[in-house]
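Trainee: Please read through the structure below; I'll follow up with questions.
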Amino acid sequence: MTRYLIRRLLLTIPVILGVATLVFALIHLVPGDPAQAMLGETAPQADVLKLRHALGLDQPLLTQYRTFMTGLLRGDLGTSFRYNVPVTTQIREKLPNTATLALAAMCFAILFAIPLGILAAVFRGTLVDHAAMTLALVGISMPNFWLGPLLAIVFAVRLGWLPVSGTGGLSHLILPAVTLGAALSAILARMTRASLLEELRELYVLAARARGLSGMRAVVKHAFRNSLIPIVTIIGLQFGAVLTGTIITETIFAWPGLGRLLIQAISFRDYPLVQGCILFISITYVAMNLLTDLTYGFLDPRIRFD
C-alpha cells in the first residue's frame, strides 16, 4: 500500500506540471491586455505601459514562465492583478463555498440515484424500471446552464419558494445543488442498475435467498455491496465534473465560490488567479482519483496494491 501510494504521488508531479504549463500557455494566447482591461480603453498609453511593467507583463514569455514555475515549486501562485492579494488567499476564501456546493450536489446525487438504480435493477423490465431509466435519461439530457435558469424561474420567480441567488442558509443551497447534481445522479442511477444486474445473476445471491433471506435483504446486503466498485469509480471520476460544473452553476446563482471567481478572473485577464484556480481544480481531481483507487481495497479485500 505504501509503495503504491508513493508511486502514485510521484506520477502526479508530471501531471500537475503539464497542467501548469498548458494553462500558462493558453491563458497567454487569449486576446486582450490585462493592463488595458484594468485601466480601461481610454487610458493613456504611458499608464498602460507603466502598469504592464509593474505586473511583469513586459518581460519575455519564457521569463514569465520561469517565474511562474519557480513560484509554483515554492507553493506561491503569485498575486492577483485585480485584487492585489495572494492567489492562495483568494482560493482559501472561496474554497468553503465551493466545497459546500460540491458536497451538497454529490449527496443529492447519491441519495437520489442509488435507490433509483436499485429499484430499477430489482424490478427489471417493469414500469418502475422504465420510469427510472427515463428519468435518468432526462437528467443526462439537460445541461446545467439550461436546468439552472429553469429551476430558478419555477421555484424562485414563479412560486417564490426558494431564493434565486447568493448564500445564507440551506434554502440558498437547494437550487444550485440540484442543478449541479442532476447530471451526476442520472449517470449514477444507470451505473447502479447495470452493476447490480450483473451481481444479481451470480449464484451467491440465489444461495442467500435459499438460506431464507428476503429478496431486498439479499440485494442490499450481498449484491449491492459487491457492485460498489463501479459505482465508487463513477462517483470519484464525476467529482471532477462537479468541480468544473460549479463554474457555470455558481455564475447562474451568484454563488461566491471558485467557479465564479475563475469566470471573473478570465474576464479581467487576471493571469495568476486563472492559473491558480485551474491548478487547484486539477489537483483536486487527481487527489479524488487517487482516493477512489485506494477505496477499492476496502470494498474488495481481494484487491492488492502491489
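We name chains A, B, ... following the order of the C-alpha cells; residues begin at 1 in each chain, and ligands are numbered from 1 as shown.
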Can you pull out the residues contacting A:Thr251? Cut-off 12 Å, using only C-alpha atoms, and skip same-chain residues under 2 positions away; I want them as an mmCIF file with N, CA and C atoms, in the first residue's frame.
Mentor:
data_model
loop_
_atom_site.group_PDB
_atom_site.id
_atom_site.type_symbol
_atom_site.label_atom_id
_atom_site.label_comp_id
_atom_site.auth_asym_id
_atom_site.auth_seq_id
_atom_site.Cartn_x
_atom_site.Cartn_y
_atom_site.Cartn_z
ATOM 1 N N THR A 98 -17.399 26.640 -2.402
ATOM 2 C CA THR A 98 -17.384 25.650 -3.479
ATOM 3 C C THR A 98 -17.446 24.237 -2.920
ATOM 4 N N ASN A 144 -26.586 21.860 -17.249
ATOM 5 C CA ASN A 144 -26.873 22.701 -16.081
ATOM 6 C C ASN A 144 -27.079 24.167 -16.444
ATOM 7 N N PHE A 145 -26.531 24.624 -17.602
ATOM 8 C CA PHE A 145 -26.761 26.019 -17.972
ATOM 9 C C PHE A 145 -28.202 26.246 -18.447
ATOM 10 N N GLY A 148 -30.455 25.153 -14.603
ATOM 11 C CA GLY A 148 -30.358 26.155 -13.547
ATOM 12 C C GLY A 148 -31.351 27.301 -13.706
ATOM 13 N N PRO A 149 -31.338 27.998 -14.858
ATOM 14 C CA PRO A 149 -32.337 29.066 -15.037
ATOM 15 C C PRO A 149 -33.770 28.569 -14.987
ATOM 16 N N VAL A 164 -33.205 33.034 -5.258
ATOM 17 C CA VAL A 164 -32.679 32.802 -6.601
ATOM 18 C C VAL A 164 -31.163 32.885 -6.661
ATOM 19 N N SER A 165 -30.523 33.520 -5.673
ATOM 20 C CA SER A 165 -29.074 33.691 -5.759
ATOM 21 C C SER A 165 -28.491 33.951 -4.381
ATOM 22 N N GLY A 166 -27.142 33.901 -4.324
ATOM 23 C CA GLY A 166 -26.421 34.229 -3.110
ATOM 24 C C GLY A 166 -26.361 33.075 -2.119
ATOM 25 N N PRO A 176 -28.847 25.467 -6.480
ATOM 26 C CA PRO A 176 -27.545 25.156 -7.088
ATOM 27 C C PRO A 176 -27.148 23.694 -6.944
ATOM 28 N N LEU A 180 -26.471 21.182 -10.062
ATOM 29 C CA LEU A 180 -25.154 20.581 -10.239
ATOM 30 C C LEU A 180 -25.188 19.063 -10.140
ATOM 31 N N THR A 244 -15.863 21.263 -12.169
ATOM 32 C CA THR A 244 -15.926 22.106 -13.364
ATOM 33 C C THR A 244 -17.343 22.632 -13.581
ATOM 34 N N GLY A 245 -18.340 21.849 -13.172
ATOM 35 C CA GLY A 245 -19.717 22.313 -13.299
ATOM 36 C C GLY A 245 -20.038 23.482 -12.400
ATOM 37 N N THR A 246 -19.296 23.627 -11.320
ATOM 38 C CA THR A 246 -19.538 24.769 -10.441
ATOM 39 C C THR A 246 -19.260 26.094 -11.138
ATOM 40 N N ILE A 247 -18.427 26.068 -12.173
ATOM 41 C CA ILE A 247 -18.115 27.308 -12.895
ATOM 42 C C ILE A 247 -19.386 27.922 -13.460
ATOM 43 N N ILE A 248 -20.217 27.094 -14.089
ATOM 44 C CA ILE A 248 -21.470 27.586 -14.665
ATOM 45 C C ILE A 248 -22.529 27.792 -13.586
ATOM 46 N N THR A 249 -22.654 26.811 -12.690
ATOM 47 C CA THR A 249 -23.707 26.880 -11.678
ATOM 48 C C THR A 249 -23.512 28.073 -10.751
ATOM 49 N N PHE A 253 -26.254 31.253 -10.236
ATOM 50 C CA PHE A 253 -26.896 31.561 -8.948
ATOM 51 C C PHE A 253 -26.081 32.552 -8.101
ATOM 52 N N ALA A 254 -25.093 33.205 -8.715
ATOM 53 C CA ALA A 254 -24.270 34.189 -7.992
ATOM 54 C C ALA A 254 -23.713 33.598 -6.707
ATOM 55 N N TRP A 255 -23.255 32.355 -6.794
ATOM 56 C CA TRP A 255 -22.700 31.671 -5.636
ATOM 57 C C TRP A 255 -21.220 32.046 -5.508
ATOM 58 N N PRO A 256 -20.789 32.635 -4.409
ATOM 59 C CA PRO A 256 -19.412 33.154 -4.303
ATOM 60 C C PRO A 256 -18.377 32.052 -4.055
ATOM 61 N N GLY A 257 -18.066 31.281 -5.075
ATOM 62 C CA GLY A 257 -17.109 30.191 -4.944
ATOM 63 C C GLY A 257 -15.997 30.299 -5.969
ATOM 64 N N LEU A 258 -15.228 29.225 -6.105
ATOM 65 C CA LEU A 258 -14.094 29.220 -7.017
ATOM 66 C C LEU A 258 -14.521 29.334 -8.474
ATOM 67 N N GLY A 259 -15.645 28.705 -8.829
ATOM 68 C CA GLY A 259 -16.098 28.762 -10.211
ATOM 69 C C GLY A 259 -16.402 30.174 -10.664
ATOM 70 N N ARG A 260 -17.138 30.894 -9.848
ATOM 71 C CA ARG A 260 -17.456 32.279 -10.185
ATOM 72 C C ARG A 260 -16.200 33.143 -10.157
ATOM 73 N N LEU A 261 -15.313 32.857 -9.217
ATOM 74 C CA LEU A 261 -14.045 33.594 -9.151
ATOM 75 C C LEU A 261 -13.236 33.374 -10.420
ATOM 76 N N LEU A 262 -13.236 32.152 -10.947
ATOM 77 C CA LEU A 262 -12.499 31.845 -12.170
ATOM 78 C C LEU A 262 -13.072 32.599 -13.360
ATOM 79 N N ILE A 263 -14.397 32.645 -13.471
ATOM 80 C CA ILE A 263 -15.025 33.383 -14.573
ATOM 81 C C ILE A 263 -14.654 34.863 -14.507
ATOM 82 N N GLN A 264 -14.698 35.432 -13.316
ATOM 83 C CA GLN A 264 -14.332 36.845 -13.157
ATOM 84 C C GLN A 264 -12.867 37.074 -13.486
#
Trainee: Could the residues of stretch 168-286 of chain A that have an atom at most 12 Å from stretch 52-55 of chain A be listed as JSON lines, each with its closest atom pair and the distance in Å to one decimal, counting only C-alpha atoms and ordered by chain and ascending residue number?
Mentor:
{"residue": "A:Asp270", "atom": "CA", "partner": "A:Leu55", "partner_atom": "CA", "distance": 10.6}
{"residue": "A:Tyr271", "atom": "CA", "partner": "A:Leu55", "partner_atom": "CA", "distance": 10.3}
{"residue": "A:Pro272", "atom": "CA", "partner": "A:Leu55", "partner_atom": "CA", "distance": 10.5}
Trainee: Quick one: pull the distance between atom CA of A:Gly240 and atom CA of A:Leu291, Å, one decimal.
Mentor: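 Between these atoms lies a distance of 12.7 Å.
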Trainee: Please measure the separation of atom CA of A:Asp129 and atom CA of A:Ala102, giving the value in Å to one decimal.
Mentor: 28.5 Å
Trainee: Using DSSP on the backbone, list every residue of stretch 108-181 of chain A that comes out as alpha helix (DSSP H), and give them as a PyMOL selection string.
Mentor: chain A and resi 108-122+127-141+144-151+170-181
Trainee: Write out the residues from the selection above, keeping C-alpha atoms, as a short mmCIF file (atom, residue, chain, number, x, y, z; two decimals), in the first residue's frame.
Mentor:
data_model
loop_
_atom_site.label_atom_id
_atom_site.label_comp_id
_atom_site.auth_asym_id
_atom_site.auth_seq_id
_atom_site.Cartn_x
_atom_site.Cartn_y
_atom_site.Cartn_z
CA PHE A 108 -28.15 14.81 -3.62
CA ALA A 109 -26.93 12.62 -6.47
CA ILE A 110 -26.05 9.67 -4.21
CA LEU A 111 -29.21 9.78 -2.11
CA PHE A 112 -31.42 10.09 -5.17
CA ALA A 113 -29.63 7.94 -7.76
CA ILE A 114 -28.57 4.83 -5.83
CA PRO A 115 -32.08 3.94 -4.53
CA LEU A 116 -33.42 4.67 -8.02
CA GLY A 117 -30.84 2.37 -9.60
CA ILE A 118 -31.53 -0.40 -7.07
CA LEU A 119 -35.28 -0.22 -7.73
CA ALA A 120 -34.68 -0.30 -11.49
CA ALA A 121 -32.48 -3.40 -11.16
CA VAL A 122 -34.78 -5.25 -8.77
CA LEU A 127 -42.88 0.00 -15.37
CA VAL A 128 -40.69 1.00 -12.39
CA ASP A 129 -37.53 0.21 -14.38
CA HIS A 130 -38.70 2.10 -17.48
CA ALA A 131 -39.77 5.12 -15.44
CA ALA A 132 -36.47 5.23 -13.52
CA MET A 133 -34.34 4.99 -16.66
CA THR A 134 -36.48 7.56 -18.46
CA LEU A 135 -35.94 9.94 -15.56
CA ALA A 136 -32.21 9.23 -15.71
CA LEU A 137 -32.17 9.89 -19.46
CA VAL A 138 -33.91 13.23 -18.92
CA GLY A 139 -31.32 14.14 -16.27
CA ILE A 140 -28.42 13.37 -18.60
CA SER A 141 -30.02 15.33 -21.45
CA ASN A 144 -26.87 22.70 -16.08
CA PHE A 145 -26.76 26.02 -17.97
CA TRP A 146 -30.37 25.26 -19.03
CA LEU A 147 -31.60 23.46 -15.94
CA GLY A 148 -30.36 26.16 -13.55
CA PRO A 149 -32.34 29.07 -15.04
CA LEU A 150 -35.37 26.79 -15.43
CA LEU A 151 -35.34 25.86 -11.73
CA LEU A 170 -29.93 25.77 3.37
CA SER A 171 -32.62 27.33 1.19
CA HIS A 172 -29.93 29.12 -0.86
CA LEU A 173 -28.13 25.80 -1.42
CA ILE A 174 -31.02 23.73 -2.78
CA LEU A 175 -31.31 25.08 -6.32
CA PRO A 176 -27.55 25.16 -7.09
CA ALA A 177 -27.05 21.68 -5.58
CA VAL A 178 -29.91 20.16 -7.58
CA THR A 179 -28.68 21.85 -10.76
CA LEU A 180 -25.15 20.58 -10.24
CA GLY A 181 -26.09 17.10 -9.08
#
Trainee: Work out how far apart atom CA of A:Gly169 and atom CA of A:Val85 are and give it in Å to one decimal.
Mentor: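 According to the coordinates, atom CA of A:Gly169 and atom CA of A:Val85 are separated by 28.2 Å.
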Trainee: Excluding A:Ala35 and its own-chain neighbours fewer than 5 positions away, which residues fall within 9 Å of it when counting only C-alpha atoms? Please give them as a VMD selection string.
Mentor: chain A and resid 40 47 to 52 55 57 81 269
Trainee: Go ahead and write the selection's residues with C-alpha atoms as a PDB file, in the first residue's frame.
Mentor:
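Generated file (again-v4.pdb):
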ATOM      1  CA  GLY A  40      -9.928  50.974 -19.358  1.00  0.00           C
ATOM      2  CA  ASP A  47      -0.038  54.486 -17.988  1.00  0.00           C
ATOM      3  CA  VAL A  48      -0.715  51.145 -19.679  1.00  0.00           C
ATOM      4  CA  LEU A  49       2.998  50.591 -20.293  1.00  0.00           C
ATOM      5  CA  LYS A  50       3.808  51.538 -16.701  1.00  0.00           C
ATOM      6  CA  LEU A  51       1.261  49.073 -15.346  1.00  0.00           C
ATOM      7  CA  ARG A  52       2.495  46.320 -17.667  1.00  0.00           C
ATOM      8  CA  LEU A  55       2.905  43.481 -13.388  1.00  0.00           C
ATOM      9  CA  LEU A  57       3.990  41.591 -18.426  1.00  0.00           C
ATOM     10  CA  PHE A  81      -3.745  41.507 -10.762  1.00  0.00           C
ATOM     11  CA  ARG A 269      -7.383  38.738 -17.766  1.00  0.00           C
TER      12      ARG A 269
END
